[in-house]
Each structure stands twice: as C-alpha cells, then as structure tokens.
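Coordinates as given in data.cif (mmCIF, C-alpha atoms):
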data_protein
#
loop_
_atom_site.label_atom_id
_atom_site.label_comp_id
_atom_site.auth_asym_id
_atom_site.auth_seq_id
_atom_site.Cartn_x
_atom_site.Cartn_y
_atom_site.Cartn_z
CA MET A 1 155.18 3.36 -72.17
CA GLU A 2 151.75 4.59 -73.22
CA LEU A 3 148.15 3.50 -72.73
CA ILE A 4 146.42 2.65 -76.02
CA SER A 5 143.41 0.86 -77.45
CA TYR A 6 144.33 -2.22 -79.49
CA ASN A 7 141.99 -4.43 -81.51
CA GLY A 8 139.00 -3.87 -79.25
CA TRP A 9 140.82 -3.90 -75.90
CA PRO A 10 140.70 -0.29 -74.61
CA ASN A 11 143.34 -0.56 -71.88
CA CYS A 12 146.55 -1.84 -73.43
CA LEU A 13 150.12 -0.84 -72.63
CA ARG A 14 152.48 -0.14 -75.51
CA LEU A 15 156.20 -0.37 -74.81
CA SER A 16 158.40 0.90 -77.62
CA ASN A 17 161.81 2.14 -78.67
CA ALA A 18 163.18 3.28 -82.02
CA LEU A 19 163.03 -0.25 -83.48
CA VAL A 20 160.22 -2.38 -82.02
CA ASP A 21 157.11 -2.24 -79.89
CA LEU A 22 155.22 -4.61 -77.62
CA VAL A 23 151.52 -4.37 -76.78
CA VAL A 24 150.35 -5.79 -73.47
CA THR A 25 146.68 -6.37 -72.68
CA THR A 26 145.38 -5.41 -69.23
CA ASP A 27 141.68 -6.13 -69.90
CA ILE A 28 142.71 -9.81 -70.05
CA GLY A 29 145.91 -11.66 -69.28
CA PRO A 30 148.70 -11.58 -68.42
CA ARG A 31 149.41 -11.56 -72.15
CA ILE A 32 151.67 -9.86 -74.67
CA ILE A 33 149.50 -9.65 -77.78
CA ARG A 34 152.02 -7.98 -80.11
CA TYR A 35 155.76 -7.84 -80.70
CA GLY A 36 157.23 -6.53 -83.93
CA PHE A 37 159.15 -3.86 -85.78
CA LEU A 38 157.58 -0.40 -85.65
CA ASP A 39 154.75 0.05 -88.16
CA GLU A 40 155.18 -3.51 -89.43
CA GLU A 41 153.07 -6.62 -88.98
CA ASN A 42 152.82 -8.50 -85.71
CA GLU A 43 155.27 -11.38 -85.37
CA PHE A 44 152.66 -13.09 -83.18
CA ALA A 45 149.44 -14.72 -84.36
CA GLU A 46 146.11 -13.28 -83.25
CA VAL A 47 142.60 -14.77 -83.33
CA PRO A 48 140.41 -12.25 -85.19
CA GLU A 49 137.08 -13.49 -83.81
CA GLU A 50 138.40 -13.20 -80.23
CA GLN A 51 139.82 -9.70 -80.48
CA GLY A 52 138.40 -7.36 -77.85
CA LYS A 53 136.61 -10.13 -75.96
CA ARG A 54 136.82 -10.39 -72.19
CA GLY A 55 135.03 -12.03 -69.31
CA GLY A 56 133.18 -15.32 -69.25
CA ASP A 57 134.22 -18.87 -68.38
CA GLU A 58 135.27 -19.97 -71.87
CA TRP A 59 139.00 -20.45 -72.45
CA ARG A 60 140.17 -18.44 -75.46
CA SER A 61 143.49 -18.64 -77.22
CA TYR A 62 143.60 -14.92 -78.21
CA GLY A 63 147.12 -15.43 -79.63
CA GLY A 64 150.26 -13.61 -78.55
CA HIS A 65 152.36 -14.75 -75.60
CA ARG A 66 150.87 -16.28 -72.45
CA LEU A 67 151.88 -17.93 -69.18
CA TRP A 68 150.73 -21.40 -68.10
CA HIS A 69 151.78 -23.92 -65.49
CA ALA A 70 152.75 -27.47 -66.42
CA PRO A 71 152.22 -30.41 -66.66
CA GLU A 72 149.30 -29.93 -69.02
CA ASP A 73 145.88 -30.88 -67.70
CA SER A 74 142.54 -30.44 -69.47
CA VAL A 75 141.04 -28.67 -66.42
CA ARG A 76 143.84 -26.98 -64.47
CA THR A 77 145.86 -25.74 -67.43
CA TYR A 78 142.95 -24.20 -69.30
CA VAL A 79 141.78 -21.82 -66.59
CA PRO A 80 140.60 -18.78 -68.62
CA ASP A 81 142.61 -15.55 -68.46
CA ASN A 82 139.59 -13.43 -69.43
CA GLN A 83 139.69 -11.01 -66.49
CA ALA A 84 141.53 -7.73 -66.06
CA VAL A 85 145.06 -7.76 -64.66
CA LYS A 86 146.83 -5.18 -62.53
CA TYR A 87 149.90 -3.49 -63.95
CA GLU A 88 152.71 -1.84 -62.03
CA ASP A 89 155.21 0.62 -63.53
CA HIS A 90 158.59 -0.12 -61.93
CA GLY A 91 160.51 2.32 -64.09
CA GLU A 92 162.83 -0.14 -65.84
CA PHE A 93 160.09 -2.73 -66.27
CA VAL A 94 156.33 -3.25 -66.20
CA ARG A 95 154.80 -5.95 -64.02
CA LEU A 96 151.50 -7.66 -64.89
CA VAL A 97 149.73 -9.35 -61.98
CA GLN A 98 146.80 -11.68 -62.54
CA GLN A 99 144.11 -12.31 -59.98
CA VAL A 100 144.61 -15.59 -58.12
CA GLU A 101 143.12 -18.47 -60.08
CA PRO A 102 140.21 -19.69 -57.90
CA LEU A 103 140.52 -23.25 -59.18
CA THR A 104 144.27 -23.67 -58.59
CA GLY A 105 145.29 -21.03 -56.03
CA ILE A 106 148.11 -19.98 -58.38
CA GLN A 107 148.84 -16.34 -59.19
CA LYS A 108 150.60 -15.46 -62.46
CA GLU A 109 152.94 -12.50 -62.96
CA ILE A 110 155.08 -11.32 -65.88
CA ASP A 111 157.76 -8.62 -65.69
CA ILE A 112 158.54 -7.04 -69.09
CA ARG A 113 161.73 -5.10 -69.84
CA LEU A 114 162.34 -3.62 -73.29
CA SER A 115 165.79 -2.40 -74.26
CA THR A 116 166.15 1.28 -75.10
CA VAL A 117 168.63 0.61 -77.91
CA ASN A 118 167.78 -2.68 -79.65
CA THR A 119 165.06 -5.32 -80.06
CA HIS A 120 165.87 -7.20 -76.85
CA ALA A 121 162.96 -7.85 -74.49
CA ARG A 122 163.35 -9.76 -71.21
CA LEU A 123 160.33 -11.49 -69.70
CA THR A 124 160.37 -12.80 -66.16
CA HIS A 125 157.50 -15.25 -65.67
CA ARG A 126 156.44 -15.92 -62.09
CA LEU A 127 154.03 -18.42 -60.50
CA ARG A 128 153.06 -17.92 -56.87
CA ASN A 129 151.36 -20.51 -54.66
CA THR A 130 148.67 -18.83 -52.53
CA ASN A 131 147.28 -22.12 -51.23
CA LEU A 132 147.75 -23.44 -47.70
CA TRP A 133 149.40 -26.55 -49.11
CA GLU A 134 152.33 -27.46 -51.34
CA VAL A 135 151.90 -27.38 -55.12
CA ARG A 136 154.28 -29.00 -57.61
CA LEU A 137 154.50 -27.43 -61.07
CA ALA A 138 156.69 -25.93 -63.78
CA VAL A 139 156.55 -22.50 -65.44
CA TRP A 140 155.41 -22.78 -69.04
CA ALA A 141 155.87 -19.82 -71.41
CA LEU A 142 154.09 -20.09 -74.77
CA THR A 143 154.55 -17.77 -77.75
CA VAL A 144 152.02 -18.08 -80.58
CA MET A 145 153.79 -17.18 -83.83
CA ALA A 146 152.12 -15.90 -87.00
CA PRO A 147 151.57 -18.45 -89.79
CA GLY A 148 153.93 -19.25 -92.61
CA GLY A 149 157.25 -19.60 -90.78
CA THR A 150 159.69 -22.30 -89.71
CA ALA A 151 160.72 -23.16 -86.14
CA ILE A 152 164.16 -24.58 -85.36
CA LEU A 153 165.10 -26.88 -82.51
CA PRO A 154 168.87 -27.20 -81.96
CA LEU A 155 170.24 -30.59 -80.91
CA PRO A 156 173.40 -30.94 -78.80
CA PRO A 157 176.70 -31.23 -80.72
CA ARG A 158 176.88 -34.42 -82.75
CA GLY A 159 179.54 -37.09 -82.21
CA THR A 160 180.83 -40.35 -83.65
CA HIS A 161 180.58 -44.01 -82.73
CA PRO A 162 182.16 -45.71 -80.81
CA GLU A 163 183.66 -42.66 -79.08
CA ASN A 164 180.21 -41.61 -77.82
CA LEU A 165 178.32 -44.49 -76.22
CA ARG A 166 175.94 -42.59 -73.93
CA PRO A 167 172.83 -40.58 -74.96
CA ILE A 168 173.01 -36.81 -74.55
CA ASN A 169 169.39 -35.63 -74.90
CA SER A 170 165.84 -36.78 -75.54
CA LEU A 171 162.97 -35.98 -77.91
CA THR A 172 159.34 -36.46 -76.85
CA PHE A 173 156.46 -37.38 -79.14
CA TRP A 174 152.71 -37.13 -78.57
CA PRO A 175 150.20 -39.69 -79.87
CA TYR A 176 149.44 -37.39 -82.81
CA THR A 177 153.10 -36.72 -83.68
CA ASP A 178 153.72 -37.99 -87.20
CA MET A 179 157.35 -38.05 -88.28
CA SER A 180 156.29 -38.60 -91.91
CA ASP A 181 154.44 -35.26 -91.98
CA PRO A 182 155.98 -33.05 -94.72
CA ARG A 183 156.20 -30.10 -92.30
CA TRP A 184 159.15 -31.75 -90.55
CA ILE A 185 162.74 -31.24 -91.69
CA TRP A 186 164.99 -33.73 -89.90
CA GLY A 187 168.60 -32.57 -90.01
CA ARG A 188 171.68 -33.98 -88.33
CA GLN A 189 172.07 -30.96 -86.01
CA TYR A 190 168.63 -29.30 -86.19
CA VAL A 191 164.99 -30.34 -86.21
CA MET A 192 162.76 -27.91 -88.12
CA LEU A 193 158.98 -27.62 -88.12
CA ARG A 194 157.20 -25.59 -90.80
CA GLN A 195 153.84 -23.91 -90.24
CA ASP A 196 151.54 -24.63 -93.19
CA PRO A 197 148.09 -22.95 -93.30
CA LEU A 198 146.88 -25.69 -95.68
CA ILE A 199 147.45 -28.55 -93.20
CA LYS A 200 145.03 -28.67 -90.27
CA THR A 201 146.43 -31.73 -88.51
CA PRO A 202 148.29 -30.71 -85.33
CA GLN A 203 151.92 -31.65 -84.80
CA LYS A 204 153.99 -31.45 -81.64
CA ILE A 205 157.48 -32.31 -80.47
CA GLY A 206 159.40 -31.67 -77.27
CA GLY A 207 162.99 -32.03 -76.29
CA LEU A 208 165.71 -31.57 -73.74
CA ILE A 209 167.68 -28.82 -75.44
CA PRO A 210 170.80 -27.84 -73.46
CA GLY A 211 171.53 -24.95 -75.85
CA GLY A 212 168.63 -23.01 -74.33
CA TRP A 213 167.25 -21.45 -77.50
CA THR A 214 164.73 -21.86 -80.28
CA VAL A 215 163.87 -19.56 -83.19
CA TYR A 216 161.16 -18.82 -85.75
CA ALA A 217 162.04 -17.61 -89.25
CA ARG A 218 159.33 -15.94 -91.32
CA ARG A 219 159.28 -13.46 -94.21
CA SER A 220 162.95 -12.53 -93.76
CA HIS A 221 162.48 -11.88 -90.03
CA LEU A 222 164.04 -14.02 -87.30
CA PHE A 223 162.51 -14.24 -83.83
CA ILE A 224 164.89 -15.65 -81.19
CA LYS A 225 163.75 -17.01 -77.84
CA LYS A 226 166.44 -17.81 -75.24
CA PHE A 227 166.02 -19.33 -71.77
CA ALA A 228 167.99 -21.00 -69.01
CA TYR A 229 168.66 -24.73 -68.87
CA ASP A 230 169.32 -26.53 -65.58
CA PRO A 231 171.23 -29.80 -66.14
CA ASN A 232 170.12 -30.97 -62.70
CA GLY A 233 166.48 -29.98 -63.15
CA GLU A 234 163.53 -32.33 -63.49
CA TYR A 235 161.55 -31.39 -66.60
CA VAL A 236 158.02 -32.45 -67.53
CA ASP A 237 156.92 -34.58 -70.51
CA PHE A 238 159.84 -37.03 -70.32
CA GLY A 239 162.33 -34.22 -69.89
CA CYS A 240 161.29 -31.27 -72.09
CA ASN A 241 162.52 -27.72 -71.66
CA VAL A 242 161.32 -26.84 -75.18
CA GLU A 243 158.18 -27.82 -77.05
CA LEU A 244 156.91 -26.92 -80.54
CA PHE A 245 153.25 -27.15 -81.57
CA THR A 246 151.59 -26.24 -84.85
CA ASN A 247 148.24 -26.42 -86.59
CA ASP A 248 146.73 -24.60 -89.57
CA TRP A 249 146.76 -21.07 -88.11
CA MET A 250 149.86 -20.74 -85.92
CA LEU A 251 152.99 -22.29 -84.46
CA GLU A 252 153.89 -22.18 -80.76
CA LEU A 253 157.39 -21.83 -79.34
CA GLU A 254 157.19 -23.08 -75.76
CA SER A 255 159.85 -23.07 -73.05
CA LEU A 256 159.60 -24.65 -69.61
CA SER A 257 161.31 -24.36 -66.25
CA PRO A 258 162.21 -27.42 -64.16
CA MET A 259 159.51 -28.81 -61.89
CA LYS A 260 159.43 -27.23 -58.43
CA SER A 261 157.48 -27.90 -55.23
CA LEU A 262 156.12 -24.55 -54.07
CA GLN A 263 155.38 -24.12 -50.40
CA PRO A 264 152.52 -21.79 -49.41
CA GLY A 265 153.47 -18.23 -50.37
CA GLU A 266 156.48 -19.34 -52.41
CA ALA A 267 157.06 -18.38 -56.06
CA VAL A 268 159.14 -19.72 -58.96
CA GLU A 269 160.52 -17.70 -61.89
CA HIS A 270 161.42 -18.46 -65.49
CA ILE A 271 163.16 -15.91 -67.74
CA GLU A 272 163.01 -15.60 -71.51
CA ASP A 273 165.01 -13.22 -73.70
CA TRP A 274 163.58 -12.20 -77.07
CA TYR A 275 165.35 -10.73 -80.08
CA LEU A 276 164.15 -9.81 -83.56
CA PHE A 277 166.30 -9.50 -86.70
CA ARG A 278 165.68 -8.42 -90.29
CA ASP A 279 167.01 -9.80 -93.58
CA VAL A 280 167.35 -13.42 -92.47
CA PRO A 281 166.38 -16.04 -95.09
CA THR A 282 164.24 -18.93 -93.90
CA PRO A 283 166.54 -21.97 -93.65
CA HIS A 284 165.67 -25.37 -95.09
CA ASN A 285 168.68 -27.42 -93.98
CA ASP A 286 171.49 -27.50 -91.42
CA THR A 287 173.91 -25.57 -93.61
CA GLN A 288 171.47 -22.69 -94.02
CA VAL A 289 170.76 -22.62 -90.27
CA GLU A 290 174.47 -22.29 -89.54
CA ARG A 291 174.93 -19.65 -92.23
CA HIS A 292 171.95 -17.42 -91.46
CA VAL A 293 170.68 -18.16 -87.94
CA LEU A 294 173.82 -18.83 -85.91
CA THR A 295 175.35 -15.52 -86.97
CA LYS A 296 172.39 -13.71 -85.42
CA LEU A 297 172.51 -15.88 -82.31
CA MET A 298 176.14 -14.87 -81.86
CA GLU A 299 175.02 -11.24 -81.74
CA THR A 300 172.81 -12.05 -78.73
CA GLY A 301 175.69 -13.56 -76.78
CA VAL A 302 175.26 -17.28 -77.52
#
Encoding of this model in structure tokens:
Amino acid sequence: MELISYNGWPNCLRLSNALVDLVVTTDIGPRIIRYGFLDEENEFAEVPEEQGKRGGDEWRSYGGHRLWHAPEDSVRTYVPDNQAVKYEDHGEFVRLVQQVEPLTGIQKEIDIRLSTVNTHARLTHRLRNTNLWEVRLAVWALTVMAPGGTAILPLPPRGTHPENLRPINSLTFWPYTDMSDPRWIWGRQYVMLRQDPLIKTPQKIGGLIPGGWTVYARRSHLFIKKFAYDPNGEYVDFGCNVELFTNDWMLELESLSPMKSLQPGEAVEHIEDWYLFRDVPTPHNDTQVERHVLTKLMETGV
C-alpha cells in the first residue's frame, strides 16, 4: 500500500500486487476509483469534469465503485460523499470509514483486501445505524464500468413444461425499461446488456439471481463480481439482489443485500469478490457465455 496523488485527489491509497492495482480515494468517499491490470486502462468509468473535486453539497457520480443504502430515494440515497474519509491499515486489509451522514444517521465503511498472488479483491461493505431509533435498509454496492462492454445476468437453470410448474426467479423493470432496445440480448439462460456510447436513453433491469454473480466483458477483459444470496432474505425492488443500469457513458453492476432492520448502534455487512481475467472474448449469445465466461467463473470457485 502506498499514498499517491490520482487525477487531482492528492491523498489516494494504491493497493497493488504483481498483476493488478486498486486506487482508493480518501479526499472523498468511501470510493474505489480504479481497478485494473498494472499499467493498463481503468476497468471502471470516471467522470473527467469531476476529477479532483471535493466538498460542497452537490452529489457527484465521480465513477468507480461506491456504497449506497437501498431502497433508492431521491433525497436519502443521494447524500453527497464529497468529504474526506478516515482510513485504517489493518495489515491484511484497509478500512475506509465515512463520517456519519447528517441527514440519515448512517455511517458507511468498506474493508478492502487484495490478494498477494492473483487479481482477487474482497470488499466488505458495512452500514452502521448511529441513530437513536431503528432504521430499515439494504446494503447497495455499485460498480461503474467503463463504456463499450457487455454485462451478463445469469438466470437459474432452465427446465421443461409440465415438469416445472412453479416460478423460480423474478425480473424487475423500471418505467423506462424498454425490452425492444437493441442493447438487450435476451437468451434462454442469460440476459445481456450492452453499453453503447451512441445511445443516451437509460436502461435498467433487476433480478433475483440465485447464482450470486454478474460479469462485464470489455476489450478482451472480463470483470467478475460475486456476492452472497440468501434464499430467505427480503430483497428490495420486487426481489432484486442484482441490478444493471446503463446510459451513454457507463454501465453499472449493482449487488444488494437483503433488507435488515438495524437497531441503534447495529451494523449490516455485504461482501463482494472481484476477479479480472485477460483474453476473454465478449460473448453475444448463450453458447459464447458458456464457452468463454463460465470457464473463468470455474477458476474462482463457482
């Protein structure tokens, strides 16, 4: 771990090994602004006009990876993360601790562990209730991916009729979701969403995905995001533990924990595991997903 200046933020932490590095901002956050192979481009999107900014009451996207609490609300969710965060070096991991949000009484923390031998990074997201009353929420981890790639949402194993008469998962649409949009690829086993810089109209989908993973394929690189799924949990947005959102400059891979009622002083955690692979073609159908993506997923222990 080293302290560096990155894109106008003078106090960033860089975690690295022989393969990849992560850059964590401490002037704002908690936020991971970069993850990628050494000396190669960032897998995450960044907002050029917001680089180096801090302070103020305006919510800024910045890019990278951030921590929210769900369900989404136009006031509570968009509390700015423009202030400095504290960081703690725990040896095997770094902990980022945000100041308590004055509006919500919630404190955000992220623990970051980077493998010494491969691309694996483990992020433990934590929300703590500092109020004197109960708060009900879910942990929401959002990763803003660089443009030009394809996200993949895996559906549960398919079956036949009439042997399978009960539903096994759900998909959630927003009022602006358009299934005729050419960025969608609707497969039998996988739903794919392409990021297209030429199409400004937002698209979003959510789902209850028992497999506990989603990926983003771009320029022969494959970013894998894995997370726990609780079959007994209550998930927001009609039962979503995964959500995908795209517009003309990025695509978000979002995972969510089940809803939890936090008593005063209580915290809830949500863990993600990241992996990055080279030489993976971008798939365009189910067969290509199984040929190129599932082989890499197997290497992570799926």
Contacts of Val191 (chain A) at 10 Å (only C-alpha atoms; same-chain gap of 6+ positions) as an mmCIF file with C-alpha atoms, in the frame of the given file:
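The resulting file, selection-v9.cif, is shown below:
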data_model
loop_
_atom_site.group_PDB
_atom_site.id
_atom_site.type_symbol
_atom_site.label_atom_id
_atom_site.label_comp_id
_atom_site.auth_asym_id
_atom_site.auth_seq_id
_atom_site.Cartn_x
_atom_site.Cartn_y
_atom_site.Cartn_z
ATOM 1 C CA ALA A 151 160.720 -23.160 -86.140
ATOM 2 C CA ILE A 152 164.160 -24.580 -85.360
ATOM 3 C CA LEU A 153 165.100 -26.880 -82.510
ATOM 4 C CA PRO A 154 168.870 -27.200 -81.960
ATOM 5 C CA LEU A 155 170.240 -30.590 -80.910
ATOM 6 C CA TRP A 184 159.150 -31.750 -90.550
ATOM 7 C CA ILE A 185 162.740 -31.240 -91.690
ATOM 8 C CA ILE A 205 157.480 -32.310 -80.470
ATOM 9 C CA ASN A 285 168.680 -27.420 -93.980
ATOM 10 C CA ASP A 286 171.490 -27.500 -91.420
#
Distance CA of Glu46 (chain A)-CA of Ser61 (chain A), one decimal place?
8.5 Å
Please evaluate the PyMOL selection byres ((chain A and resi 260) around 9) against the structure above and give the resulting residues as number ranges by chain.
A: 135-139, 233-234, 257-259, 261-262, 268
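Within 8 Å of Met145 (chain A), once all atoms listed in the file are used and residues closer than 4 positions along the same chain are dropped, the contacting residues are Glu43, Phe44, Ala45, Gly64, Tyr216, Met250, Leu251, Glu252 and Leu253 of chain A.
If you look at CA of Thr282 (chain A) and CA of Pro202 (chain A), they are 21.6 Å away from each other.
For Thr287 (chain A), the set of protein, DNA and RNA residues having any atom at most 12 Å away, when counting all atoms listed in the file and skipping those fewer than 3 positions along the same chain, is Gly187, Arg188, Gln189, Tyr190, Thr282, Pro283, His284, Glu290, Arg291, His292, Val293 and Leu294 of chain A.
Picture a line from CA of Gly8 (chain A) to CA of Leu38 (chain A); it runs 20.0 Å.
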Considering all atoms listed in the file, return as number ranges by chain whatever protein or nucleic-acid residues lie within 12 Å of Pro156 (chain A), sequence-local ones (same chain, fewer than 6 positions apart) excluded.
A: 167-171, 188-191, 207-213
Using all atoms listed in the file, which residues of region 114-206 of chain A come within 12 Å of region 22-26 of chain A, and what is the closest atom pair for each, with the distance in Å to one decimal? Give it as a tab-separated table, sorted by chain and residue number.
residue	atom	partner	partner_atom	distance
A:Leu114	CA	A:Leu22	CA	8.4
A:Ser115	CA	A:Leu22	CA	11.3
A:Thr119	CA	A:Leu22	CA	10.2
A:His120	CA	A:Leu22	CA	11.0
A:Ala121	CA	A:Leu22	CA	9.0
A:Arg122	CA	A:Leu22	CA	11.6
A:Leu123	CA	A:Leu22	CA	11.7
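Of the residues listed (A:Gln263, A:Thr246, A:Gln195, A:Gln288), A:Gln263 shows the shortest atom-to-atom separation from Leu127 (chain A); distances use all atoms listed in the file.
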Any idea what's packed within 6 Å of Leu96 (chain A), counting all atoms listed in the file, ignoring anything in its chain fewer than 4 positions away? Could you give it as JSON, numbers by chain?
{"A": [30, 86, 87, 109, 110]}
Expected file contents, prior selection, C-alpha atoms, as an mmCIF file, in the coordinates of the input:
data_model
loop_
_atom_site.group_PDB
_atom_site.id
_atom_site.type_symbol
_atom_site.label_atom_id
_atom_site.label_comp_id
_atom_site.auth_asym_id
_atom_site.auth_seq_id
_atom_site.Cartn_x
_atom_site.Cartn_y
_atom_site.Cartn_z
ATOM 1 C CA PRO A 30 148.700 -11.580 -68.420
ATOM 2 C CA LYS A 86 146.830 -5.180 -62.530
ATOM 3 C CA TYR A 87 149.900 -3.490 -63.950
ATOM 4 C CA GLU A 109 152.940 -12.500 -62.960
ATOM 5 C CA ILE A 110 155.080 -11.320 -65.880
#
How would you write, as a ChimeraX atom specification, the residues chosen by the PyMOL selection byres ((chain A and resi 75-82) around 12) on this structure?
/A:9,25-31,50-62,66-74,83-85,97-108,137-140
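Distances from A:Gly301, A:Ser180, A:Asp279, A:Val289 to Lys226 (chain A) were compared using all atoms listed in the file, and the smallest one belongs to A:Gly301.
Checking A:Glu40, A:Glu88, A:Glu272, A:Glu266 one by one against Glu254 (chain A), counting all atoms listed in the file, you find the shortest gap at A:Glu272.
Considering all atoms listed in the file, the residue among A:Thr177, A:Thr150, A:Thr172, A:Thr300 positioned nearest to Asn241 (chain A) is A:Thr172.
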If I put a ball of radius 7 Å at (152.3, -22.8, -49.6) in the file's coordinates, which residues poke into it when counting all atoms listed in the file, written as a list in words?
Asn129, Thr130, Asn131, Leu132, Trp133, Glu134, Leu262, Gln263, Pro264, Gly265 and Glu266 of chain A
Would you write out, as a PyMOL selection string, every residue that the PyMOL selection byres ((chain A and resi 2) around 7) captures in this file?
chain A and resi 1+3-4+13-15
